[in-house]
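Novice: Input structure: start.pdb, which contains PDB, C-alpha atoms.
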ATOM      1  CA  PHE C 267     168.141  84.144 101.102  1.00  0.00           C
ATOM      2  CA  LYS C 268     164.732  83.442 102.555  1.00  0.00           C
ATOM      3  CA  ASP C 269     162.300  86.261 103.199  1.00  0.00           C
ATOM      4  CA  ALA C 270     161.591  85.124 106.751  1.00  0.00           C
ATOM      5  CA  PRO C 271     162.739  82.397 109.146  1.00  0.00           C
ATOM      6  CA  PRO C 272     160.556  79.266 109.445  1.00  0.00           C
ATOM      7  CA  THR C 273     159.569  80.236 112.980  1.00  0.00           C
ATOM      8  CA  PRO C 274     159.202  83.746 114.425  1.00  0.00           C
ATOM      9  CA  PRO C 275     161.996  84.877 116.770  1.00  0.00           C
ATOM     10  CA  SER C 276     159.615  85.876 119.568  1.00  0.00           C
ATOM     11  CA  ARG C 277     155.998  85.517 120.720  1.00  0.00           C
ATOM     12  CA  ALA C 278     155.282  89.130 119.789  1.00  0.00           C
ATOM     13  CA  GLN C 279     156.513  88.552 116.243  1.00  0.00           C
ATOM     14  CA  GLU C 280     154.390  85.392 116.021  1.00  0.00           C
ATOM     15  CA  ILE C 281     151.264  87.330 116.988  1.00  0.00           C
ATOM     16  CA  LEU C 282     152.058  90.058 114.459  1.00  0.00           C
ATOM     17  CA  TRP C 283     152.651  87.478 111.735  1.00  0.00           C
ATOM     18  CA  HIS C 284     149.341  85.730 112.465  1.00  0.00           C
ATOM     19  CA  GLN C 285     147.463  89.035 112.475  1.00  0.00           C
ATOM     20  CA  ARG C 286     149.056  90.126 109.205  1.00  0.00           C
ATOM     21  CA  GLU C 287     148.437  86.796 107.476  1.00  0.00           C
ATOM     22  CA  GLY C 288     144.985  86.353 108.969  1.00  0.00           C
ATOM     23  CA  VAL C 289     145.807  82.820 110.082  1.00  0.00           C
ATOM     24  CA  THR C 290     143.296  81.424 112.560  1.00  0.00           C
ATOM     25  CA  ASP C 291     143.542  77.679 111.878  1.00  0.00           C
ATOM     26  CA  GLY C 292     143.637  76.427 115.458  1.00  0.00           C
ATOM     27  CA  VAL C 293     146.345  78.809 116.520  1.00  0.00           C
ATOM     28  CA  CYS C 294     145.665  80.012 120.023  1.00  0.00           C
ATOM     29  CA  LEU C 295     146.495  83.700 120.116  1.00  0.00           C
ATOM     30  CA  GLN C 296     146.088  84.751 123.687  1.00  0.00           C
ATOM     31  CA  VAL C 297     146.589  88.441 123.277  1.00  0.00           C
ATOM     32  CA  GLU C 298     145.886  89.942 126.632  1.00  0.00           C
ATOM     33  CA  GLN C 299     145.540  93.610 127.246  1.00  0.00           C
ATOM     34  CA  ASP C 300     146.344  93.739 130.952  1.00  0.00           C
ATOM     35  CA  ASP C 301     146.547  96.913 132.878  1.00  0.00           C
ATOM     36  CA  TYR C 302     149.309  97.896 135.253  1.00  0.00           C
ATOM     37  CA  LYS C 303     147.533  96.608 138.377  1.00  0.00           C
ATOM     38  CA  GLY C 304     146.949  93.212 136.785  1.00  0.00           C
ATOM     39  CA  SER C 305     150.630  92.877 135.961  1.00  0.00           C
ATOM     40  CA  ILE C 306     151.663  93.780 139.504  1.00  0.00           C
ATOM     41  CA  LYS C 307     149.124  91.324 140.936  1.00  0.00           C
ATOM     42  CA  ARG C 308     150.494  88.521 138.748  1.00  0.00           C
ATOM     43  CA  LEU C 309     154.040  89.337 139.852  1.00  0.00           C
ATOM     44  CA  MET C 310     153.160  89.390 143.545  1.00  0.00           C
ATOM     45  CA  THR C 311     151.373  86.047 143.338  1.00  0.00           C
ATOM     46  CA  ASN C 312     154.298  84.412 141.529  1.00  0.00           C
ATOM     47  CA  GLY C 313     156.209  82.530 144.229  1.00  0.00           C
ATOM     48  CA  ASN C 314     159.501  82.433 142.320  1.00  0.00           C
ATOM     49  CA  TYR C 315     159.421  86.185 141.731  1.00  0.00           C
ATOM     50  CA  VAL C 316     158.635  86.922 145.388  1.00  0.00           C
ATOM     51  CA  LEU C 317     161.520  84.688 146.490  1.00  0.00           C
ATOM     52  CA  LEU C 318     163.875  86.471 144.105  1.00  0.00           C
ATOM     53  CA  LEU C 319     162.606  89.865 145.271  1.00  0.00           C
ATOM     54  CA  ILE C 320     163.156  89.054 148.952  1.00  0.00           C
ATOM     55  CA  THR C 321     166.616  87.527 148.526  1.00  0.00           C
ATOM     56  CA  TYR C 322     167.830  90.326 146.271  1.00  0.00           C
ATOM     57  CA  GLY C 323     166.372  92.950 148.610  1.00  0.00           C
ATOM     58  CA  LEU C 324     168.090  91.408 151.620  1.00  0.00           C
ATOM     59  CA  ASN C 325     171.445  91.226 149.843  1.00  0.00           C
ATOM     60  CA  VAL C 326     171.298  94.823 148.649  1.00  0.00           C
ATOM     61  CA  GLY C 327     170.008  96.078 151.995  1.00  0.00           C
ATOM     62  CA  VAL C 328     172.756  94.375 153.977  1.00  0.00           C
ATOM     63  CA  PHE C 329     175.404  95.590 151.526  1.00  0.00           C
ATOM     64  CA  TYR C 330     174.257  99.214 151.776  1.00  0.00           C
ATOM     65  CA  ALA C 331     173.939  99.034 155.566  1.00  0.00           C
ATOM     66  CA  ILE C 332     177.454  97.656 155.997  1.00  0.00           C
ATOM     67  CA  SER C 333     178.991 100.047 153.470  1.00  0.00           C
ATOM     68  CA  THR C 334     177.303 103.032 155.164  1.00  0.00           C
ATOM     69  CA  LEU C 335     178.566 102.018 158.600  1.00  0.00           C
ATOM     70  CA  LEU C 336     182.014 101.175 157.251  1.00  0.00           C
ATOM     71  CA  ASN C 337     182.214 104.550 155.530  1.00  0.00           C
ATOM     72  CA  SER C 338     181.736 106.428 158.812  1.00  0.00           C
ATOM     73  CA  VAL C 339     184.367 104.259 160.567  1.00  0.00           C
ATOM     74  CA  ILE C 340     186.904 104.744 157.776  1.00  0.00           C
ATOM     75  CA  LEU C 341     186.373 108.517 157.618  1.00  0.00           C
ATOM     76  CA  ILE C 342     187.241 108.831 161.312  1.00  0.00           C
ATOM     77  CA  HIS C 343     190.614 107.131 160.888  1.00  0.00           C
ATOM     78  CA  PHE C 344     191.681 108.599 157.569  1.00  0.00           C
TER      79      PHE C 344
END
What is this structure when it is put down as structure tokens?
Specialist:
Amino acid sequence: FKDAPPTPPSRAQEILWHQREGVTDGVCLQVEQDDYKGSIKRLMTNGNYVLLLITYGLNVGVFYAISTLLNSVILIHF
């Protein structure tokens, strides 16, 4: 068996491997230490994420609204 796979399984493992081995031969290690606000700003400026957020929010909101109204109608009759 080999000690390690030829390529790391994730970006985080790649960064750890490069730090442990001290490899800096042209490898771009963009290790960013972003804070919470920076992460939220990046999410809110990502068009695909905003579209997903709106569509999911509408679906869940409509489902809960209908189920709440339907619950009160069903409780009256049963």
Novice: Excluding same-chain residues fewer than 5 positions from range 299-310 of chain C, what lies within 10 Å of it counting all atoms listed in the file, as a list of chain:residue names?
Specialist: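 Once the nearby chain positions are removed, what remains is C:Tyr315, C:Val316, C:Leu319.
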Novice: Just to confirm, what's the straight-line distance from CA of Ala278 in chain C to CA of Gly313 in chain C in Å (one decimal)?
Specialist: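 Separation of CA of Ala278 in chain C and CA of Gly313 in chain C: 25.3 Å.
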Novice: Mind giving me the straight-line distance from CA of Tyr322 in chain C to CA of Leu335 in chain C in Å, one decimal?
Specialist: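 The value is 20.1 Å.
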Novice: Could you work out how far CA of Thr321 in chain C lies from CA of Ile340 in chain C, giving the answer in Å with one decimal?
Specialist: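 These two atoms are separated by 28.2 Å.
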Novice: With all heavy atoms as the goal, would you fill in the gaps in range 333-344 of chain C and present it as a PDB file, in the frame of the given file?
Specialist:
ATOM      1  N   SER C 333     178.141  99.043 154.105  1.00  0.00           N
ATOM      2  CA  SER C 333     178.991 100.047 153.470  1.00  0.00           C
ATOM      3  C   SER C 333     178.775 101.431 154.082  1.00  0.00           C
ATOM      4  O   SER C 333     179.720 102.211 154.201  1.00  0.00           O
ATOM      5  CB  SER C 333     178.746 100.087 151.959  1.00  0.00           C
ATOM      6  OG  SER C 333     177.418 100.451 151.688  1.00  0.00           O
ATOM      7  N   THR C 334     177.554 101.739 154.515  1.00  0.00           N
ATOM      8  CA  THR C 334     177.303 103.032 155.164  1.00  0.00           C
ATOM      9  C   THR C 334     178.008 103.100 156.511  1.00  0.00           C
ATOM     10  O   THR C 334     178.656 104.108 156.835  1.00  0.00           O
ATOM     11  CB  THR C 334     175.793 103.246 155.351  1.00  0.00           C
ATOM     12  OG1 THR C 334     175.163 103.218 154.075  1.00  0.00           O
ATOM     13  CG2 THR C 334     175.518 104.575 156.023  1.00  0.00           C
ATOM     14  N   LEU C 335     177.897 102.041 157.304  1.00  0.00           N
ATOM     15  CA  LEU C 335     178.566 102.018 158.600  1.00  0.00           C
ATOM     16  C   LEU C 335     180.077 102.003 158.435  1.00  0.00           C
ATOM     17  O   LEU C 335     180.803 102.655 159.195  1.00  0.00           O
ATOM     18  CB  LEU C 335     178.108 100.801 159.406  1.00  0.00           C
ATOM     19  CG  LEU C 335     176.638 100.802 159.816  1.00  0.00           C
ATOM     20  CD1 LEU C 335     176.278  99.474 160.462  1.00  0.00           C
ATOM     21  CD2 LEU C 335     176.337 101.962 160.749  1.00  0.00           C
ATOM     22  N   LEU C 336     180.574 101.253 157.481  1.00  0.00           N
ATOM     23  CA  LEU C 336     182.014 101.175 157.251  1.00  0.00           C
ATOM     24  C   LEU C 336     182.549 102.510 156.781  1.00  0.00           C
ATOM     25  O   LEU C 336     183.675 102.902 157.155  1.00  0.00           O
ATOM     26  CB  LEU C 336     182.295 100.092 156.212  1.00  0.00           C
ATOM     27  CG  LEU C 336     183.727  99.625 156.061  1.00  0.00           C
ATOM     28  CD1 LEU C 336     184.243  99.071 157.387  1.00  0.00           C
ATOM     29  CD2 LEU C 336     183.824  98.571 154.989  1.00  0.00           C
ATOM     30  N   ASN C 337     181.789 103.241 156.000  1.00  0.00           N
ATOM     31  CA  ASN C 337     182.214 104.550 155.530  1.00  0.00           C
ATOM     32  C   ASN C 337     182.457 105.505 156.697  1.00  0.00           C
ATOM     33  O   ASN C 337     183.452 106.212 156.738  1.00  0.00           O
ATOM     34  CB  ASN C 337     181.176 105.124 154.581  1.00  0.00           C
ATOM     35  CG  ASN C 337     181.611 106.445 153.969  1.00  0.00           C
ATOM     36  OD1 ASN C 337     182.793 106.688 153.820  1.00  0.00           O
ATOM     37  ND2 ASN C 337     180.644 107.286 153.638  1.00  0.00           N
ATOM     38  N   SER C 338     181.554 105.517 157.665  1.00  0.00           N
ATOM     39  CA  SER C 338     181.736 106.428 158.812  1.00  0.00           C
ATOM     40  C   SER C 338     182.926 106.012 159.665  1.00  0.00           C
ATOM     41  O   SER C 338     183.641 106.874 160.202  1.00  0.00           O
ATOM     42  CB  SER C 338     180.460 106.482 159.646  1.00  0.00           C
ATOM     43  OG  SER C 338     180.187 105.204 160.186  1.00  0.00           O
ATOM     44  N   VAL C 339     183.213 104.726 159.790  1.00  0.00           N
ATOM     45  CA  VAL C 339     184.367 104.259 160.567  1.00  0.00           C
ATOM     46  C   VAL C 339     185.663 104.621 159.832  1.00  0.00           C
ATOM     47  O   VAL C 339     186.624 105.070 160.443  1.00  0.00           O
ATOM     48  CB  VAL C 339     184.278 102.737 160.790  1.00  0.00           C
ATOM     49  CG1 VAL C 339     185.568 102.173 161.348  1.00  0.00           C
ATOM     50  CG2 VAL C 339     183.113 102.410 161.702  1.00  0.00           C
ATOM     51  N   ILE C 340     185.688 104.457 158.544  1.00  0.00           N
ATOM     52  CA  ILE C 340     186.904 104.744 157.776  1.00  0.00           C
ATOM     53  C   ILE C 340     187.191 106.243 157.746  1.00  0.00           C
ATOM     54  O   ILE C 340     188.340 106.670 157.843  1.00  0.00           O
ATOM     55  CB  ILE C 340     186.767 104.180 156.336  1.00  0.00           C
ATOM     56  CG1 ILE C 340     186.855 102.670 156.379  1.00  0.00           C
ATOM     57  CG2 ILE C 340     187.841 104.732 155.415  1.00  0.00           C
ATOM     58  CD1 ILE C 340     186.613 101.974 155.077  1.00  0.00           C
ATOM     59  N   LEU C 341     186.157 107.074 157.665  1.00  0.00           N
ATOM     60  CA  LEU C 341     186.373 108.517 157.618  1.00  0.00           C
ATOM     61  C   LEU C 341     186.956 109.049 158.923  1.00  0.00           C
ATOM     62  O   LEU C 341     187.681 110.043 158.909  1.00  0.00           O
ATOM     63  CB  LEU C 341     185.054 109.234 157.297  1.00  0.00           C
ATOM     64  CG  LEU C 341     184.585 109.111 155.848  1.00  0.00           C
ATOM     65  CD1 LEU C 341     183.252 109.815 155.678  1.00  0.00           C
ATOM     66  CD2 LEU C 341     185.609 109.677 154.882  1.00  0.00           C
ATOM     67  N   ILE C 342     186.684 108.401 160.020  1.00  0.00           N
ATOM     68  CA  ILE C 342     187.241 108.831 161.312  1.00  0.00           C
ATOM     69  C   ILE C 342     188.755 108.613 161.353  1.00  0.00           C
ATOM     70  O   ILE C 342     189.496 109.448 161.840  1.00  0.00           O
ATOM     71  CB  ILE C 342     186.531 108.076 162.470  1.00  0.00           C
ATOM     72  CG1 ILE C 342     185.104 108.527 162.579  1.00  0.00           C
ATOM     73  CG2 ILE C 342     187.277 108.304 163.786  1.00  0.00           C
ATOM     74  CD1 ILE C 342     184.282 107.728 163.567  1.00  0.00           C
ATOM     75  N   HIS C 343     189.194 107.493 160.809  1.00  0.00           N
ATOM     76  CA  HIS C 343     190.614 107.131 160.888  1.00  0.00           C
ATOM     77  C   HIS C 343     191.456 107.697 159.767  1.00  0.00           C
ATOM     78  O   HIS C 343     192.673 107.771 159.885  1.00  0.00           O
ATOM     79  CB  HIS C 343     190.755 105.599 160.886  1.00  0.00           C
ATOM     80  CG  HIS C 343     190.190 104.977 162.116  1.00  0.00           C
ATOM     81  ND1 HIS C 343     190.782 105.107 163.368  1.00  0.00           N
ATOM     82  CD2 HIS C 343     189.077 104.233 162.315  1.00  0.00           C
ATOM     83  CE1 HIS C 343     190.060 104.468 164.266  1.00  0.00           C
ATOM     84  NE2 HIS C 343     189.004 103.916 163.653  1.00  0.00           N
ATOM     85  N   PHE C 344     190.873 108.097 158.681  1.00  0.00           N
ATOM     86  CA  PHE C 344     191.681 108.599 157.569  1.00  0.00           C
ATOM     87  C   PHE C 344     191.321 110.017 157.309  1.00  0.00           C
ATOM     88  O   PHE C 344     190.844 110.587 156.547  1.00  0.00           O
ATOM     89  CB  PHE C 344     191.502 107.720 156.327  1.00  0.00           C
ATOM     90  CG  PHE C 344     192.026 106.331 156.532  1.00  0.00           C
ATOM     91  CD1 PHE C 344     191.183 105.257 156.732  1.00  0.00           C
ATOM     92  CD2 PHE C 344     193.381 106.099 156.549  1.00  0.00           C
ATOM     93  CE1 PHE C 344     191.667 103.983 156.910  1.00  0.00           C
ATOM     94  CE2 PHE C 344     193.894 104.814 156.732  1.00  0.00           C
ATOM     95  CZ  PHE C 344     193.024 103.754 156.918  1.00  0.00           C
TER      96      PHE C 344
END
